[in-house]
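Below is the file target.txt, which contains compact mmCIF, C-alpha atoms and all ligand atoms.
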```
# COMPACT_ATOMS: atom_id res chain seq x y z
CA MET A 152 18.83 -17.06 10.53
CA LEU A 153 17.60 -14.63 13.20
CA VAL A 154 15.66 -12.71 10.53
CA LEU A 155 14.09 -16.00 9.49
CA LEU A 156 13.14 -16.86 13.07
CA LEU A 157 11.74 -13.39 13.57
CA ALA A 158 9.82 -13.75 10.34
CA ILE A 159 8.29 -17.02 11.41
CA SER A 160 7.51 -15.71 14.91
CA CYS A 161 5.76 -12.72 13.32
CA GLY A 162 3.81 -15.02 11.01
CA ARG A 163 5.57 -13.84 7.87
CA LYS A 164 6.23 -16.17 4.96
CA GLU A 165 9.79 -17.47 4.88
CA ASN A 166 12.22 -15.25 2.91
CA SER A 167 9.73 -12.37 2.66
CA PRO A 168 11.42 -9.05 3.54
CA ALA A 169 11.00 -7.81 7.08
CA GLY A 170 9.25 -4.48 7.53
CA LEU A 171 9.11 -2.13 10.50
CA LYS A 172 5.85 -3.76 11.61
CA ASP A 173 7.71 -7.10 11.81
CA ALA A 174 10.77 -5.64 13.53
CA PHE A 175 8.59 -4.04 16.21
CA GLY A 176 5.86 -6.69 16.07
CA GLU A 177 6.46 -7.78 19.65
CA ASP A 178 6.65 -4.17 20.91
CA PHE A 179 3.95 -1.94 19.41
CA LEU A 180 1.96 -1.24 16.24
CA VAL A 181 3.80 0.84 13.64
CA GLY A 182 1.62 3.35 11.81
CA VAL A 183 1.87 6.03 9.17
CA ALA A 184 -0.09 9.20 8.43
CA LEU A 185 -1.69 8.85 5.01
CA ASN A 186 -2.27 11.74 2.63
CA GLU A 187 -4.87 11.84 -0.13
CA GLY A 188 -2.65 10.40 -2.85
CA GLN A 189 -1.63 7.50 -0.67
CA ILE A 190 -5.24 6.81 0.38
CA ARG A 191 -6.25 6.75 -3.29
CA ALA A 192 -3.35 4.34 -3.94
CA LEU A 193 -2.22 6.40 -6.92
CA ASP A 194 1.28 4.95 -6.89
CA SER A 195 1.97 1.20 -6.65
CA ALA A 196 5.53 1.62 -5.34
CA THR A 197 4.20 3.79 -2.48
CA ASP A 198 1.49 1.25 -1.78
CA SER A 199 4.03 -1.57 -1.61
CA VAL A 200 6.13 0.29 0.99
CA ILE A 201 3.03 0.98 3.10
CA ARG A 202 1.98 -2.68 2.94
CA LEU A 203 5.46 -3.92 3.88
CA HIS A 204 6.15 -1.64 6.83
CA PHE A 205 2.92 -0.63 8.54
CA ASN A 206 0.08 -2.32 10.45
CA ALA A 207 -1.62 0.90 11.61
CA ALA A 208 -2.45 4.29 10.14
CA GLU A 209 -3.86 7.75 10.78
CA PRO A 210 -5.32 10.11 8.17
CA GLU A 211 -3.19 13.23 7.82
CA ASN A 212 -6.17 15.48 7.06
CA CYS A 213 -9.29 13.76 5.75
CA LEU A 214 -11.02 13.20 9.12
CA LYS A 215 -10.61 16.78 10.35
CA SER A 216 -13.84 18.73 10.72
CA GLU A 217 -13.06 21.18 7.88
CA ALA A 218 -12.72 18.22 5.52
CA ILE A 219 -15.46 15.89 6.67
CA HIS A 220 -18.07 18.36 7.99
CA PRO A 221 -17.65 21.46 5.81
CA GLU A 222 -21.09 22.89 6.61
CA GLU A 223 -23.36 22.28 9.57
CA ASP A 224 -25.81 20.17 7.55
CA THR A 225 -23.24 18.72 5.12
CA TYR A 226 -20.80 15.83 5.58
CA ASP A 227 -18.30 14.75 2.93
CA TRP A 228 -17.47 11.10 3.56
CA GLU A 229 -15.77 10.26 0.26
CA LEU A 230 -12.10 10.38 1.19
CA ALA A 231 -12.65 9.31 4.79
CA ASP A 232 -14.51 6.21 3.59
CA LYS A 233 -11.64 5.49 1.20
CA TYR A 234 -9.18 5.84 4.10
CA VAL A 235 -10.96 3.23 6.21
CA ASP A 236 -11.42 0.92 3.19
CA PHE A 237 -7.74 1.36 2.23
CA CYS A 238 -6.68 0.22 5.70
CA THR A 239 -9.17 -2.65 5.89
CA GLU A 240 -8.12 -4.00 2.47
CA ARG A 241 -4.47 -4.11 3.62
CA GLY A 242 -4.96 -5.48 7.11
CA ILE A 243 -3.93 -2.12 8.55
CA THR A 244 -5.68 -0.90 11.72
CA PRO A 245 -7.17 2.57 11.08
CA TYR A 246 -7.13 5.22 13.82
CA GLY A 247 -9.06 8.45 13.84
CA HIS A 248 -7.52 11.93 13.86
CA VAL A 249 -9.20 14.23 15.09
CA LEU A 250 -12.63 15.02 16.55
CA ILE A 251 -12.15 18.28 18.48
CA TRP A 252 -9.30 20.60 17.41
CA HIS A 253 -9.08 24.39 17.06
CA SER A 254 -7.09 24.13 13.81
CA GLN A 255 -8.61 23.02 10.51
CA LEU A 256 -11.92 23.52 12.29
CA SER A 257 -14.97 23.94 10.10
CA PRO A 258 -15.46 27.72 9.82
CA TRP A 259 -19.10 27.48 10.94
CA PHE A 260 -18.47 25.22 13.96
CA ALA A 261 -18.17 27.77 16.78
CA VAL A 262 -19.80 30.88 15.32
CA ASP A 263 -23.32 32.05 14.56
CA GLU A 264 -24.58 33.57 11.30
CA ASN A 265 -23.06 36.90 12.29
CA GLY A 266 -19.65 35.42 13.01
CA ASN A 267 -20.01 35.76 16.77
CA ASP A 268 -19.26 32.95 19.23
CA VAL A 269 -22.25 30.64 19.60
CA SER A 270 -23.73 30.02 23.05
CA PRO A 271 -22.36 27.24 25.26
CA GLU A 272 -25.52 25.22 24.65
CA VAL A 273 -25.24 25.51 20.88
CA LEU A 274 -21.55 24.57 20.90
CA LYS A 275 -22.22 21.53 23.08
CA GLN A 276 -24.97 20.44 20.71
CA ARG A 277 -22.69 20.88 17.68
CA MET A 278 -19.81 18.99 19.34
CA LYS A 279 -22.14 16.13 20.28
CA GLU A 280 -23.65 15.94 16.80
CA HIS A 281 -20.25 15.99 15.07
CA ILE A 282 -18.66 13.42 17.36
CA THR A 283 -21.68 11.13 17.31
CA THR A 284 -22.18 11.24 13.54
CA VAL A 285 -18.52 10.70 12.65
CA MET A 286 -17.84 7.97 15.21
CA THR A 287 -21.10 6.14 14.44
CA ARG A 288 -20.15 5.92 10.75
CA TYR A 289 -16.89 4.14 11.53
CA LYS A 290 -18.05 2.21 14.62
CA GLY A 291 -16.24 -1.10 14.87
CA ARG A 292 -13.78 -0.07 12.12
CA ILE A 293 -11.77 2.85 13.57
CA LYS A 294 -10.14 1.39 16.69
CA GLY A 295 -9.31 4.61 18.50
CA TRP A 296 -9.76 8.37 18.17
CA ASP A 297 -7.84 11.48 19.07
CA VAL A 298 -10.86 12.97 20.83
CA VAL A 299 -9.25 16.30 21.76
CA ASN A 300 -6.04 17.66 20.25
CA GLU A 301 -3.66 20.38 21.50
CA ALA A 302 -5.75 21.92 24.29
CA ILE A 303 -2.72 22.92 26.38
CA GLU A 304 0.04 25.51 25.86
CA ASP A 305 3.75 24.90 26.55
CA ASP A 306 3.46 26.61 29.97
CA GLY A 307 0.48 24.47 31.00
CA SER A 308 -2.19 27.12 30.47
CA TRP A 309 -5.32 26.20 28.56
CA ARG A 310 -5.18 27.14 24.85
CA GLN A 311 -7.58 30.03 24.21
CA SER A 312 -9.44 28.12 21.49
CA PRO A 313 -13.09 28.80 20.61
CA PHE A 314 -13.95 25.67 22.60
CA TYR A 315 -12.22 27.00 25.70
CA ARG A 316 -13.48 30.54 25.21
CA ILE A 317 -17.11 29.38 25.09
CA LEU A 318 -17.13 26.36 27.42
CA GLY A 319 -14.00 26.66 29.54
CA GLU A 320 -12.07 23.44 30.20
CA GLU A 321 -15.41 21.58 30.45
CA TYR A 322 -15.30 21.05 26.67
CA ILE A 323 -12.71 18.34 27.18
CA PRO A 324 -14.68 15.98 29.49
CA LEU A 325 -17.76 16.71 27.41
CA ALA A 326 -15.94 15.60 24.24
CA PHE A 327 -14.80 12.38 25.90
CA GLN A 328 -18.32 11.76 27.24
CA TYR A 329 -19.89 12.25 23.79
CA ALA A 330 -17.26 10.01 22.19
CA HIS A 331 -17.82 7.18 24.65
CA GLU A 332 -21.59 7.44 24.24
CA ALA A 333 -21.14 7.27 20.45
CA ASP A 334 -18.98 4.13 20.50
CA PRO A 335 -18.53 2.49 23.92
CA ASP A 336 -15.95 0.04 22.54
CA CYS A 337 -13.69 2.62 20.90
CA GLU A 338 -10.36 3.68 22.43
CA LEU A 339 -10.21 7.37 23.31
CA TYR A 340 -7.09 9.53 23.43
CA TYR A 341 -5.96 13.01 24.41
CA ASN A 342 -3.27 14.12 21.92
CA ASP A 343 -0.70 16.93 22.10
CA TYR A 344 2.73 18.07 20.98
CA GLY A 345 5.72 19.35 22.96
CA MET A 346 5.01 16.94 25.78
CA HIS A 347 8.54 17.52 27.07
CA HIS A 348 7.53 20.98 28.31
CA GLU A 349 7.07 20.72 32.08
CA GLY A 350 4.07 23.03 32.15
CA ARG A 351 2.17 21.00 29.56
CA HIS A 352 3.23 17.78 31.25
CA ARG A 353 1.84 18.84 34.61
CA ARG A 354 -1.45 19.90 33.06
CA VAL A 355 -1.71 16.61 31.13
CA LEU A 356 -1.29 14.68 34.37
CA GLU A 357 -4.02 16.82 35.93
CA LEU A 358 -6.30 16.34 32.89
CA VAL A 359 -5.94 12.55 32.88
CA GLY A 360 -6.63 12.49 36.62
CA MET A 361 -9.74 14.65 36.20
CA LEU A 362 -11.14 12.49 33.39
CA LYS A 363 -10.55 9.33 35.40
CA ASP A 364 -11.97 10.84 38.59
CA ARG A 365 -15.17 11.55 36.66
CA GLY A 366 -15.29 7.94 35.46
CA LEU A 367 -14.73 8.98 31.83
CA ARG A 368 -12.93 6.64 29.44
CA ILE A 369 -9.45 7.66 28.34
CA ASP A 370 -7.29 4.82 27.07
CA ALA A 371 -4.09 6.59 26.18
CA VAL A 372 -2.33 9.91 25.78
CA GLY A 373 -0.88 10.76 22.40
CA PHE A 374 2.64 12.15 22.52
CA GLN A 375 2.77 13.55 18.99
CA GLY A 376 6.54 13.27 18.90
CA HIS A 377 7.42 16.05 16.46
CA MET A 378 11.08 16.51 17.24
CA GLY A 379 14.38 17.88 15.98
CA MET A 380 18.08 17.30 16.32
CA ASP A 381 18.28 19.25 19.59
CA TYR A 382 14.86 18.74 21.14
CA PRO A 383 13.37 17.07 23.10
CA ASP A 384 15.80 15.68 25.64
CA ILE A 385 15.32 11.92 25.28
CA ASP A 386 15.50 11.28 29.03
CA ILE A 387 12.83 13.90 29.78
CA PHE A 388 10.62 12.48 27.02
CA GLU A 389 10.96 9.00 28.51
CA LYS A 390 10.43 10.21 32.10
CA TYR A 391 7.29 12.14 31.20
CA MET A 392 5.87 9.23 29.19
CA ARG A 393 6.24 6.96 32.18
CA GLU A 394 4.73 9.51 34.58
CA VAL A 395 1.68 9.83 32.33
CA ALA A 396 1.41 6.04 32.05
CA ASP A 397 1.55 5.81 35.86
CA MET A 398 -1.86 7.55 35.79
CA GLY A 399 -3.26 4.31 34.37
CA VAL A 400 -3.29 5.07 30.66
CA GLY A 401 -1.29 3.86 27.66
CA ILE A 402 0.99 5.96 25.49
CA CYS A 403 0.79 6.40 21.72
CA ILE A 404 3.51 8.19 19.77
CA THR A 405 1.05 9.61 17.28
CA GLU A 406 2.89 11.97 14.90
CA TRP A 407 6.59 11.13 15.01
CA ASP A 408 9.00 12.94 12.74
CA MET A 409 12.45 14.46 13.33
CA SER A 410 13.57 17.60 11.53
CA ALA A 411 17.16 17.30 10.30
CA LEU A 412 17.54 21.09 10.09
CA PRO A 413 19.03 23.51 12.63
CA THR A 414 16.27 24.58 15.02
CA ILE A 415 15.57 28.27 14.53
CA THR A 416 13.49 29.77 17.33
CA SER A 417 12.25 33.36 17.23
CA SER A 418 14.93 34.32 19.73
CA ALA A 419 17.72 32.40 17.98
CA ASP A 420 20.80 34.35 16.97
CA VAL A 421 20.71 33.12 13.39
CA ALA A 422 24.07 34.62 12.44
CA THR A 423 25.88 32.93 15.34
CA LEU A 424 24.08 29.65 14.67
CA ALA A 425 24.95 29.88 10.98
CA GLN A 426 28.59 30.50 11.76
CA SER A 427 28.73 27.54 14.15
CA LEU A 428 27.27 25.31 11.45
CA GLY A 429 29.38 26.68 8.63
CA ILE A 430 26.27 27.81 6.77
CA ALA A 431 25.95 31.22 5.12
CA PRO A 432 23.40 33.24 7.18
CA GLU A 433 21.29 33.87 4.10
CA ASN A 434 20.98 30.11 3.64
CA MET A 435 19.83 29.33 7.16
CA LEU A 436 16.18 29.14 6.20
CA ASN A 437 16.94 26.46 3.61
CA PRO A 438 20.40 25.12 4.54
CA TYR A 439 20.25 21.82 2.64
CA PRO A 440 18.12 22.46 -0.47
CA ASP A 441 19.48 19.55 -2.50
CA ALA A 442 20.45 16.85 -0.01
CA LEU A 443 21.42 16.33 3.60
CA PRO A 444 25.19 16.31 4.18
CA GLU A 445 26.47 12.83 5.04
CA GLU A 446 27.57 13.92 8.52
CA ILE A 447 24.15 15.37 9.36
CA SER A 448 22.44 12.30 7.95
CA ALA A 449 24.56 10.04 10.15
CA GLN A 450 23.74 12.15 13.22
CA TRP A 451 20.03 12.07 12.32
CA ASN A 452 19.97 8.29 11.88
CA LYS A 453 21.77 7.79 15.20
CA ARG A 454 19.36 10.05 17.07
CA VAL A 455 16.36 8.28 15.50
CA GLU A 456 17.85 4.92 16.47
CA ASP A 457 18.24 6.17 20.05
CA PHE A 458 14.59 7.23 20.20
CA PHE A 459 13.21 4.03 18.67
CA SER A 460 15.38 1.95 20.98
CA MET A 461 13.95 3.97 23.87
CA PHE A 462 10.44 3.36 22.53
CA ARG A 463 11.21 -0.36 22.44
CA ARG A 464 12.48 -0.23 26.06
CA ASN A 465 9.11 1.28 26.97
CA SER A 466 6.92 -1.05 24.93
CA ASP A 467 5.16 -1.99 28.19
CA ILE A 468 3.39 1.39 28.00
CA ILE A 469 3.66 2.29 24.30
CA ARG A 470 0.84 0.82 22.19
CA ARG A 471 1.60 2.37 18.83
CA VAL A 472 4.22 4.50 17.09
CA ASN A 473 2.75 6.42 14.15
CA ILE A 474 5.05 8.17 11.70
CA TRP A 475 3.68 11.49 10.48
CA GLY A 476 4.20 10.80 6.81
CA LEU A 477 5.78 8.15 4.58
CA ASN A 478 8.69 9.80 2.78
CA ASP A 479 10.43 13.14 3.15
CA SER A 480 8.67 14.83 0.25
CA SER A 481 5.26 14.01 1.81
CA SER A 482 6.12 15.68 5.12
CA TRP A 483 4.35 18.82 6.30
CA LYS A 484 7.77 19.94 7.51
CA SER A 485 9.42 19.96 4.08
CA THR A 486 8.56 22.75 1.64
CA PRO A 487 10.30 24.10 -1.49
CA ARG A 488 11.42 27.11 0.59
CA ARG A 489 12.79 24.93 3.43
CA ARG A 490 13.64 21.38 2.37
CA ASP A 491 13.65 18.98 5.33
CA TYR A 492 14.40 15.28 5.76
CA PRO A 493 12.25 14.29 8.78
CA LEU A 494 10.85 10.85 7.90
CA LEU A 495 12.01 7.24 7.64
CA PHE A 496 11.98 6.95 3.86
CA ASN A 497 13.74 9.04 1.24
CA ASP A 498 11.86 10.83 -1.53
CA ASP A 499 12.47 7.82 -3.79
CA LEU A 500 10.90 5.55 -1.12
CA THR A 501 14.23 3.89 -0.25
CA PRO A 502 14.57 3.25 3.50
CA LYS A 503 16.98 5.35 5.53
CA ASP A 504 19.82 3.64 7.38
CA VAL A 505 17.91 3.52 10.66
CA VAL A 506 15.12 1.52 8.99
CA LYS A 507 17.69 -0.97 7.71
CA HIS A 508 19.21 -1.13 11.19
CA PHE A 509 15.92 -2.27 12.71
CA THR A 510 14.71 -4.51 9.90
CA ILE A 511 17.86 -6.25 8.71
CA SER A 512 19.88 -6.64 11.87
CA GLU A 513 16.94 -8.32 13.65
O1 LIG A 601 -7.14 21.08 1.05
C1 LIG A 601 -6.51 22.31 0.66
C2 LIG A 601 -6.47 22.40 -0.87
O2 LIG A 601 -7.80 22.49 -1.36
C3 LIG A 601 -5.66 23.64 -1.27
O3 LIG A 601 -5.56 23.69 -2.69
C4 LIG A 601 -4.27 23.56 -0.64
C5 LIG A 601 -3.40 24.74 -1.00
O4 LIG A 601 -3.85 25.85 -0.26
O5 LIG A 601 -4.40 23.51 0.80
C6 LIG A 601 -5.09 22.34 1.20
O6 LIG A 601 -5.20 22.34 2.62
C7 LIG A 601 -3.97 22.05 3.28
C8 LIG A 601 -4.19 20.81 4.16
O7 LIG A 601 -3.02 20.52 4.94
C9 LIG A 601 -4.54 19.58 3.32
O8 LIG A 601 -3.47 19.28 2.46
C10 LIG A 601 -3.62 23.22 4.17
O9 LIG A 601 -3.29 24.33 3.34
C11 LIG A 601 -2.43 22.86 5.05
O10 LIG A 601 -2.20 23.90 5.99
C12 LIG A 601 -2.73 21.59 5.83
O11 LIG A 601 -1.56 21.27 6.59
C13 LIG A 601 -1.77 20.22 7.56
C14 LIG A 601 -1.57 20.83 8.94
O12 LIG A 601 -1.72 19.79 9.94
C15 LIG A 601 -2.56 21.92 9.23
O13 LIG A 601 -2.34 22.39 10.55
C16 LIG A 601 -0.72 19.15 7.34
O14 LIG A 601 -0.96 18.49 6.10
C17 LIG A 601 -0.75 18.12 8.47
O15 LIG A 601 0.36 17.23 8.39
C18 LIG A 601 -0.68 18.82 9.82
O16 LIG A 601 -0.83 17.85 10.81
C19 LIG A 601 -0.93 18.35 12.17
C20 LIG A 601 -1.79 17.38 12.94
O17 LIG A 601 -3.05 17.28 12.31
C21 LIG A 601 -1.92 17.83 14.39
N1 LIG A 601 -0.59 17.95 15.00
C22 LIG A 601 0.30 18.87 14.28
C23 LIG A 601 0.46 18.40 12.83
C24 LIG A 601 1.43 19.30 12.09
O18 LIG A 601 0.90 20.60 11.99
```
Translate this structure into structure tokens?
Ligand code: G3I
Amino acid sequence: MLVLLLAISCGRKENSPAGLKDAFGEDFLVGVALNEGQIRALDSATDSVIRLHFNAAEPENCLKSEAIHPEEDTYDWELADKYVDFCTERGITPYGHVLIWHSQLSPWFAVDENGNDVSPEVLKQRMKEHITTVMTRYKGRIKGWDVVNEAIEDDGSWRQSPFYRILGEEYIPLAFQYAHEADPDCELYYNDYGMHHEGRHRRVLELVGMLKDRGLRIDAVGFQGHMGMDYPDIDIFEKYMREVADMGVGICITEWDMSALPTITSSADVATLAQSLGIAPENMLNPYPDALPEEISAQWNKRVEDFFSMFRRNSDIIRRVNIWGLNDSSSWKSTPRRRDYPLLFNDDLTPKDVVKHFTISE
């Protein structure tokens, strides 16, 4: 009966199955990063799952400068147009990822014909032209953009990107200024990963304050939310989200996924870790090549449930939770050499237990 009431309150037809977007309908938008095959709707079963569960989306790659602006005088709109049309046709709100980022950056963007850094004036002109052209094309259709992505290191220092090397930290307010001039009604975000690192957190607070002090529009900060079984600490994540929100901005969880594999850092003692997990050291790179052990799967589902319950508790500041991929096999984290299980749907598109927890028990 409760599912029925929820369905009616969310405007769903009676007896239609509840998706994640219905379960969290009162809390925040639920989005998914779409890859090329999904944007081209090559598989009807995939399309059905996207339609049922999501009311927002981000493009995994097709709006990055290397894809959409491959040469200074050449734009390739084909897949990006399909992405926005795909969302519009399904009543899904499209978001833009990403205008200024050091990775997947068009190779020409920050260098001259000899491969040397361009001058500050040339880089500013190129940033303005890129931002203005891309945002103008999707004005009124893409609701919000990751304007700048991953400008800050774990310790809070500025990333030594070409943008920083040539313009210093000024490239960030400039990007937000150009974006607002291009589309005054569009939401603008700063996006980063590892937001549980104190150094990055402090610098993000400073950055939001600086942008606001200059009267520049910033609507929200994107906490990418790439996580694992032993990071981040959920209480720190929540505390830092709220401290950022106290600066007068919203929060978007923009790229959520949770690795189910043992975290191996460069300094990790792999042999000791392997022994503690009962895994042969030689298998530590790819510990679960065929399937996740039941016990690990149960731990993963519980930890995901804890995070999404925490997101729900903070729905006063969280505007959107975007999952960085639909099913495990479409995740950037899972490769043939290191199979991972970081997303909400299995390879065969069946929902994981935590999805059932939120959609059936409602
Ligand atoms: O498009 C080429 C294709 O022509 C070529 O045949 C193929 C094989 O080499 O590579 C294709 O490019 C790949 C691209 O994804 C598009 O599929 C790149 O190799 C691959 O490195 C790239 O990975 C993306 C990664 O960003 C790059 O850093 C992932 O799909 C994407 O999920 C990931 O997403 C980033 C966010 O944008 C920012 N936050 C971190 C997140 C994870 O890295």
Site check for ligand LIG 601 (chain A): residues at most 7 Å away, only C-alpha atoms and all ligand atoms, as a compact mmCIF listing (two decimals) with C-alpha atoms, keeping the file's coordinate frame:
```txt
# COMPACT_ATOMS: atom_id res chain seq x y z
CA GLU A 211 -3.19 13.23 7.82
CA ASN A 212 -6.17 15.48 7.06
CA SER A 254 -7.09 24.13 13.81
CA GLN A 255 -8.61 23.02 10.51
CA TYR A 344 2.73 18.07 20.98
CA GLN A 375 2.77 13.55 18.99
CA GLU A 406 2.89 11.97 14.90
CA TRP A 475 3.68 11.49 10.48
CA SER A 482 6.12 15.68 5.12
CA TRP A 483 4.35 18.82 6.30
```
At most 7 Å from (-5.7, 15.0, 19.5), file frame, all atoms listed in the file: which residues, as a VMD selection string? chain A and resid 248 to 249 252 297 to 301 340 to 343
Restricting it to C-alpha atoms, dump the selection as an mmCIF file, keeping the file's coordinate frame.
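part01.cif written:
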```cif
data_model
loop_
_atom_site.group_PDB
_atom_site.id
_atom_site.type_symbol
_atom_site.label_atom_id
_atom_site.label_comp_id
_atom_site.auth_asym_id
_atom_site.auth_seq_id
_atom_site.Cartn_x
_atom_site.Cartn_y
_atom_site.Cartn_z
ATOM 1 C CA HIS A 248 -7.520 11.930 13.860
ATOM 2 C CA VAL A 249 -9.200 14.230 15.090
ATOM 3 C CA TRP A 252 -9.300 20.600 17.410
ATOM 4 C CA ASP A 297 -7.840 11.480 19.070
ATOM 5 C CA VAL A 298 -10.860 12.970 20.830
ATOM 6 C CA VAL A 299 -9.250 16.300 21.760
ATOM 7 C CA ASN A 300 -6.040 17.660 20.250
ATOM 8 C CA GLU A 301 -3.660 20.380 21.500
ATOM 9 C CA TYR A 340 -7.090 9.530 23.430
ATOM 10 C CA TYR A 341 -5.960 13.010 24.410
ATOM 11 C CA ASN A 342 -3.270 14.120 21.920
ATOM 12 C CA ASP A 343 -0.700 16.930 22.100
#
```
One decimal place gives the CA of Asp198 in chain A-CA of Cys337 in chain A separation as 27.3 Å
Name the residues in contact with Asn267 in chain A at a cut-off of 12 Å, using only C-alpha atoms, excluding same-chain residues fewer than 5 positions from it; report them as a PyMOL selection string. chain A and resi 258-262+313+316-317
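Residue nearest Leu180 in chain A within the list A:Arg241, A:His204, A:Arg490, A:Lys390: A:His204 [criterion: smallest interatomic distance, all atoms listed in the file].
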How many Å lie between CA of Arg354 in chain A and CA of Ile468 in chain A, rounded to one decimal?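 Here the two named atoms are 19.8 Å from each other.
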Around all of range 480-490 of chain A's listed atoms, make the axis-aligned box with 6 Å on each side and tell me centre and edge lengths in Å to one decimal, as lines of an AutoDock Vina configuration file.
```
center_x = 9.0
center_y = 20.6
center_z = 3.0
size_x = 21.3
size_y = 25.1
size_z = 21.0
```
Around (-3.7, 5.1, 8.8), as given in the file, which residues come within 6 Å? Count all atoms listed in the file and list them as a list in words.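 Looking at atoms near the point gives Val183, Ala184, Leu185, Ala207, Ala208, Glu209, Pro210 and Pro245 of chain A.
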Between CA of Val181 in chain A and CA of Ile469 in chain A, measure the distance and give it in Å to one decimal. 10.8 Å
Within 10 Å of Phe388 in chain A, counting all atoms listed in the file, which residues show up once you throw out same-chain ones fewer than 5 positions away? Write them as JSON, numbers by chain, please. {"A": [345, 346, 347, 348, 374, 376, 382, 383, 393, 458, 461]}
May I have the residues from that selection written out with C-alpha atoms, as an mmCIF file, keeping the file's coordinate frame?
```cif
data_model
loop_
_atom_site.group_PDB
_atom_site.id
_atom_site.type_symbol
_atom_site.label_atom_id
_atom_site.label_comp_id
_atom_site.auth_asym_id
_atom_site.auth_seq_id
_atom_site.Cartn_x
_atom_site.Cartn_y
_atom_site.Cartn_z
ATOM 1 C CA GLY A 345 5.720 19.350 22.960
ATOM 2 C CA MET A 346 5.010 16.940 25.780
ATOM 3 C CA HIS A 347 8.540 17.520 27.070
ATOM 4 C CA HIS A 348 7.530 20.980 28.310
ATOM 5 C CA PHE A 374 2.640 12.150 22.520
ATOM 6 C CA GLY A 376 6.540 13.270 18.900
ATOM 7 C CA TYR A 382 14.860 18.740 21.140
ATOM 8 C CA PRO A 383 13.370 17.070 23.100
ATOM 9 C CA ARG A 393 6.240 6.960 32.180
ATOM 10 C CA PHE A 458 14.590 7.230 20.200
ATOM 11 C CA MET A 461 13.950 3.970 23.870
#
```
Could you check the closest approach to Asn437 in chain A for each of A:Thr416, A:Gln311, A:Thr486, A:Asn478 and tell me which residue wins, using all atoms listed in the file? A:Thr486
Can you pull out the residues contacting Trp451 in chain A? Cut-off 10 Å, using only C-alpha atoms, and skip same-chain residues under 6 positions away; I want them as a ChimeraX atom specification. /A:379-380,409-412,443,445,457,492-493,504-505
Show which residues sit within 12 Å of Pro438 in chain A, as a PyMOL selection string. Count only C-alpha atoms, and ignore same-chain residues fewer than 4 positions away. chain A and resi 411-415+421+424-425+428-434+442-444+447+487-492
Polymer residues at most 9 Å from His281 in chain A, all atoms listed in the file, same-chain spacing of 3 or more positions, as a PyMOL selection string: chain A and resi 216+220+223+250+276-278+284-286
Those same residues, written as a tab-separated table (two decimals), keeping the file's coordinate frame with C-alpha atoms?
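And here is the file that came out, part-v4.tsv:
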```tsv
chain	number	residue	atom	x	y	z
A	216	SER	CA	-13.84	18.73	10.72
A	220	HIS	CA	-18.07	18.36	7.99
A	223	GLU	CA	-23.36	22.28	9.57
A	250	LEU	CA	-12.63	15.02	16.55
A	276	GLN	CA	-24.97	20.44	20.71
A	277	ARG	CA	-22.69	20.88	17.68
A	278	MET	CA	-19.81	18.99	19.34
A	284	THR	CA	-22.18	11.24	13.54
A	285	VAL	CA	-18.52	10.70	12.65
A	286	MET	CA	-17.84	7.97	15.21
```
Using only C-alpha atoms, which of A:Ile190, A:Ile474, A:Leu214, A:Ile219 sits nearest Glu240 in chain A?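 Among the listed residues, the smallest separation from Glu240 in chain A belongs to A:Ile190.
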